[in-house]
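Enquirer: To be precise about what I am sending: the file is called start27.pdb and holds PDB, C-alpha atoms.
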```
ATOM      1  CA  MET A   1      13.723  -2.887  -6.538
ATOM      2  CA  SER A   2      10.033  -3.236  -7.312
ATOM      3  CA  GLN A   3       8.253  -0.096  -8.439
ATOM      4  CA  GLU A   4       4.800  -1.423  -7.659
ATOM      5  CA  PRO A   5       3.212  -0.349  -4.367
ATOM      6  CA  HIS A   6       3.211  -3.172  -1.847
ATOM      7  CA  PHE A   7       2.352  -3.763   1.783
ATOM      8  CA  HIS A   8       5.473  -4.431   3.850
ATOM      9  CA  GLN A   9       4.334  -6.630   6.727
ATOM     10  CA  ASP A  10       7.339  -6.022   8.991
ATOM     11  CA  SER A  11       6.951  -2.243   8.982
ATOM     12  CA  GLY A  12       3.143  -2.250   8.734
ATOM     13  CA  ALA A  13       3.268   0.220   5.857
ATOM     14  CA  VAL A  14       2.552   0.487   2.162
ATOM     15  CA  ARG A  15       5.788   1.231   0.345
ATOM     16  CA  PHE A  16       5.670   2.978  -3.012
ATOM     17  CA  TRP A  17       7.609   5.250  -5.363
ATOM     18  CA  VAL A  18       6.667   8.621  -6.832
ATOM     19  CA  PRO A  19       8.321  10.093  -9.941
ATOM     20  CA  ILE A  20       9.512  13.620  -9.130
ATOM     21  CA  ASN A  21      11.798  15.605 -11.434
ATOM     22  CA  GLY A  22      12.736  12.501 -13.411
ATOM     23  CA  GLU A  23      13.667  10.450 -10.369
ATOM     24  CA  LEU A  24      11.755   7.842  -8.348
ATOM     25  CA  ILE A  25      11.345   8.884  -4.715
ATOM     26  CA  GLY A  26      10.686   6.107  -2.205
ATOM     27  CA  ALA A  27       7.869   6.691   0.242
ATOM     28  CA  SER A  28       5.706   4.857   2.749
ATOM     29  CA  VAL A  29       2.480   5.333   4.644
ATOM     30  CA  SER A  30       1.453   3.279   7.656
ATOM     31  CA  ARG A  31      -1.582   1.060   7.865
ATOM     32  CA  GLU A  32      -2.845   3.223  10.737
ATOM     33  CA  ALA A  33      -2.460   6.503   8.840
ATOM     34  CA  LEU A  34      -4.397   5.038   5.912
ATOM     35  CA  HIS A  35      -7.087   3.632   8.161
ATOM     36  CA  TYR A  36      -7.678   6.754  10.252
ATOM     37  CA  SER A  37      -7.430   9.123   7.282
ATOM     38  CA  TYR A  38      -9.661   7.286   4.815
ATOM     39  CA  ARG A  39     -11.614   4.438   6.442
ATOM     40  CA  PRO A  40     -11.921   5.132  10.183
ATOM     41  CA  ASN A  41     -15.157   3.154  10.507
ATOM     42  CA  ALA A  42     -14.008   0.109   8.535
ATOM     43  CA  LYS A  43     -13.144  -3.201  10.135
ATOM     44  CA  ASP A  44     -10.213  -5.260   8.826
ATOM     45  CA  ASP A  45      -9.561  -2.857   5.958
ATOM     46  CA  ASP A  46      -6.798  -3.751   3.514
ATOM     47  CA  PRO A  47      -4.069  -1.055   3.550
ATOM     48  CA  LEU A  48      -3.030  -1.696  -0.050
ATOM     49  CA  GLU A  49      -6.641  -1.436  -1.215
ATOM     50  CA  THR A  50      -7.046   1.840   0.691
ATOM     51  CA  PHE A  51      -3.779   3.133  -0.783
ATOM     52  CA  THR A  52      -4.889   2.252  -4.316
ATOM     53  CA  ALA A  53      -8.262   3.952  -3.862
ATOM     54  CA  HIS A  54      -6.557   7.179  -2.721
ATOM     55  CA  GLN A  55      -3.269   6.961  -4.600
ATOM     56  CA  ARG A  56      -3.652  10.331  -6.322
ATOM     57  CA  GLU A  57      -4.063  12.208  -3.017
ATOM     58  CA  ILE A  58      -1.275  10.220  -1.351
ATOM     59  CA  THR A  59       1.100  10.898  -4.243
ATOM     60  CA  ALA A  60       0.275  14.617  -3.996
ATOM     61  CA  ALA A  61       1.171  14.500  -0.279
ATOM     62  CA  VAL A  62       4.595  13.047  -1.134
ATOM     63  CA  GLU A  63       5.116  15.755  -3.759
ATOM     64  CA  ARG A  64       4.277  18.450  -1.173
ATOM     65  CA  ARG A  65       6.673  16.965   1.374
ATOM     66  CA  VAL A  66       9.514  16.801  -1.172
ATOM     67  CA  ALA A  67       8.805  20.398  -2.254
ATOM     68  CA  GLN A  68       9.119  21.372   1.429
ATOM     69  CA  GLY A  69      12.549  19.737   1.627
ATOM     70  CA  SER A  70      11.874  16.171   2.804
ATOM     71  CA  LEU A  71      14.481  13.635   1.800
ATOM     72  CA  GLU A  72      13.937  10.079   0.644
ATOM     73  CA  PRO A  73      12.409   7.951   2.006
ATOM     74  CA  VAL A  74       9.365  10.106   2.658
ATOM     75  CA  MET A  75       7.273   8.657   5.473
ATOM     76  CA  LEU A  76       3.772  10.111   5.377
ATOM     77  CA  ARG A  77       1.845  10.757   8.573
ATOM     78  CA  GLU A  78      -1.860  11.314   9.165
ATOM     79  CA  PHE A  79      -1.159  15.055   9.199
ATOM     80  CA  ASP A  80       0.159  14.826   5.606
ATOM     81  CA  LEU A  81      -3.061  13.195   4.435
ATOM     82  CA  ARG A  82      -5.407  15.878   5.765
ATOM     83  CA  ASN A  83      -7.094  18.122   3.234
ATOM     84  CA  THR A  84      -6.029  15.976   0.310
ATOM     85  CA  GLY A  85      -9.285  16.285  -1.573
ATOM     86  CA  LYS A  86     -10.983  13.231  -0.146
TER      87      LYS A  86
END
```
Represent the structure from my file as structure tokens, please.
Expert:
Amino acid sequence: MSQEPHFHQDSGAVRFWVPINGELIGASVSREALHYSYRPNAKDDDPLETFTAHQREITAAVERRVAQGSLEPVMLREFDLRNTGK
């Protein structure tokens, strides 16, 4: 399994892994969630580029979800990306 973030065309989401408590937790965030959360006025924005530019905040959202009891794979929603320090 690749540990590098990548855009998965079939699901329309960036898939990535976050180290939490010594273990890699699989997660994903949709193209739409990235677009509407970070670049709502952009045209033809690249989801992987948006993910990379905001990776710290997105990783923190996964950590919060896991702390709240979410199980792998963590699928982030727009709600999870609000108030992430953008």
Enquirer: Neighbouring residues of Ala61 in chain A were defined as those with any atom within 9 Å, considering all atoms listed in the file; residues of the same chain fewer than 5 positions away were excluded. Please report them as a PyMOL selection string.
Expert: chain A and resi 56+66+76+80-81+84
Enquirer: Residues of the last selection are to be written out with C-alpha atoms, as a PDB file, keeping the file's coordinate frame.
Expert:
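Written output follows (part.pdb):
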```
ATOM      1  CA  ARG A  56      -3.652  10.331  -6.322  1.00  0.00           C
ATOM      2  CA  VAL A  66       9.514  16.801  -1.172  1.00  0.00           C
ATOM      3  CA  LEU A  76       3.772  10.111   5.377  1.00  0.00           C
ATOM      4  CA  ASP A  80       0.159  14.826   5.606  1.00  0.00           C
ATOM      5  CA  LEU A  81      -3.061  13.195   4.435  1.00  0.00           C
ATOM      6  CA  THR A  84      -6.029  15.976   0.310  1.00  0.00           C
TER       7      THR A  84
END
```
Enquirer: Evaluating the PyMOL selection byres ((chain A and resi 51) around 10) on the displayed file yields which residues, as a list in words?
Expert: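 Written out, the selection comes to Pro5, His6, Phe7, Val14, Arg15, Phe16, Val29, Ser30, Arg31, Leu34, His35, Tyr38, Asp46, Pro47, Leu48, Glu49, Thr50, Thr52, Ala53, His54, Gln55, Arg56, Glu57, Ile58 and Thr59 of chain A.
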Enquirer: For CA of Gln9 in chain A and CA of Gly69 in chain A, determine how far apart the two atoms are, in Å to one decimal place.
Expert: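 Spanning CA of Gln9 in chain A to CA of Gly69 in chain A is a straight-line distance of 28.1 Å.
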Enquirer: Just how far from CA of Gly22 in chain A is CA of Arg82 in chain A, in Å to one decimal?
Expert: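 Going from CA of Arg82 in chain A over to CA of Gly22 in chain A, I get 26.6 Å.
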Enquirer: Mind giving me the straight-line distance from CA of Val18 in chain A to CA of Asp45 in chain A in Å, one decimal?
Expert: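 Between CA of Val18 in chain A and CA of Asp45 in chain A the gap is 23.6 Å.
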Enquirer: Name all residues at most 9 Å from Met75 in chain A (count all atoms listed in the file; drop same-chain ones fewer than 3 positions away) and give them as an NGL selection string.
Expert: :A and (26-30 or 62 or 72)
Enquirer: I need the residue nearest Asn21 in chain A from this list: A:Ala67, A:Phe79, A:Pro40, A:Val74. Use only C-alpha atoms for the distance.
Expert: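 Closest to Asn21 in chain A of all the choices is A:Ala67.
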Enquirer: Using all atoms listed in the file, can you tell me which of A:Glu32, A:Pro19, A:Ala13, A:Pro73 comes closest to Asp44 in chain A?
Expert: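 Of A:Glu32, A:Pro19, A:Ala13, A:Pro73, the one nearest Asp44 in chain A, counting all atoms listed in the file, is A:Glu32.
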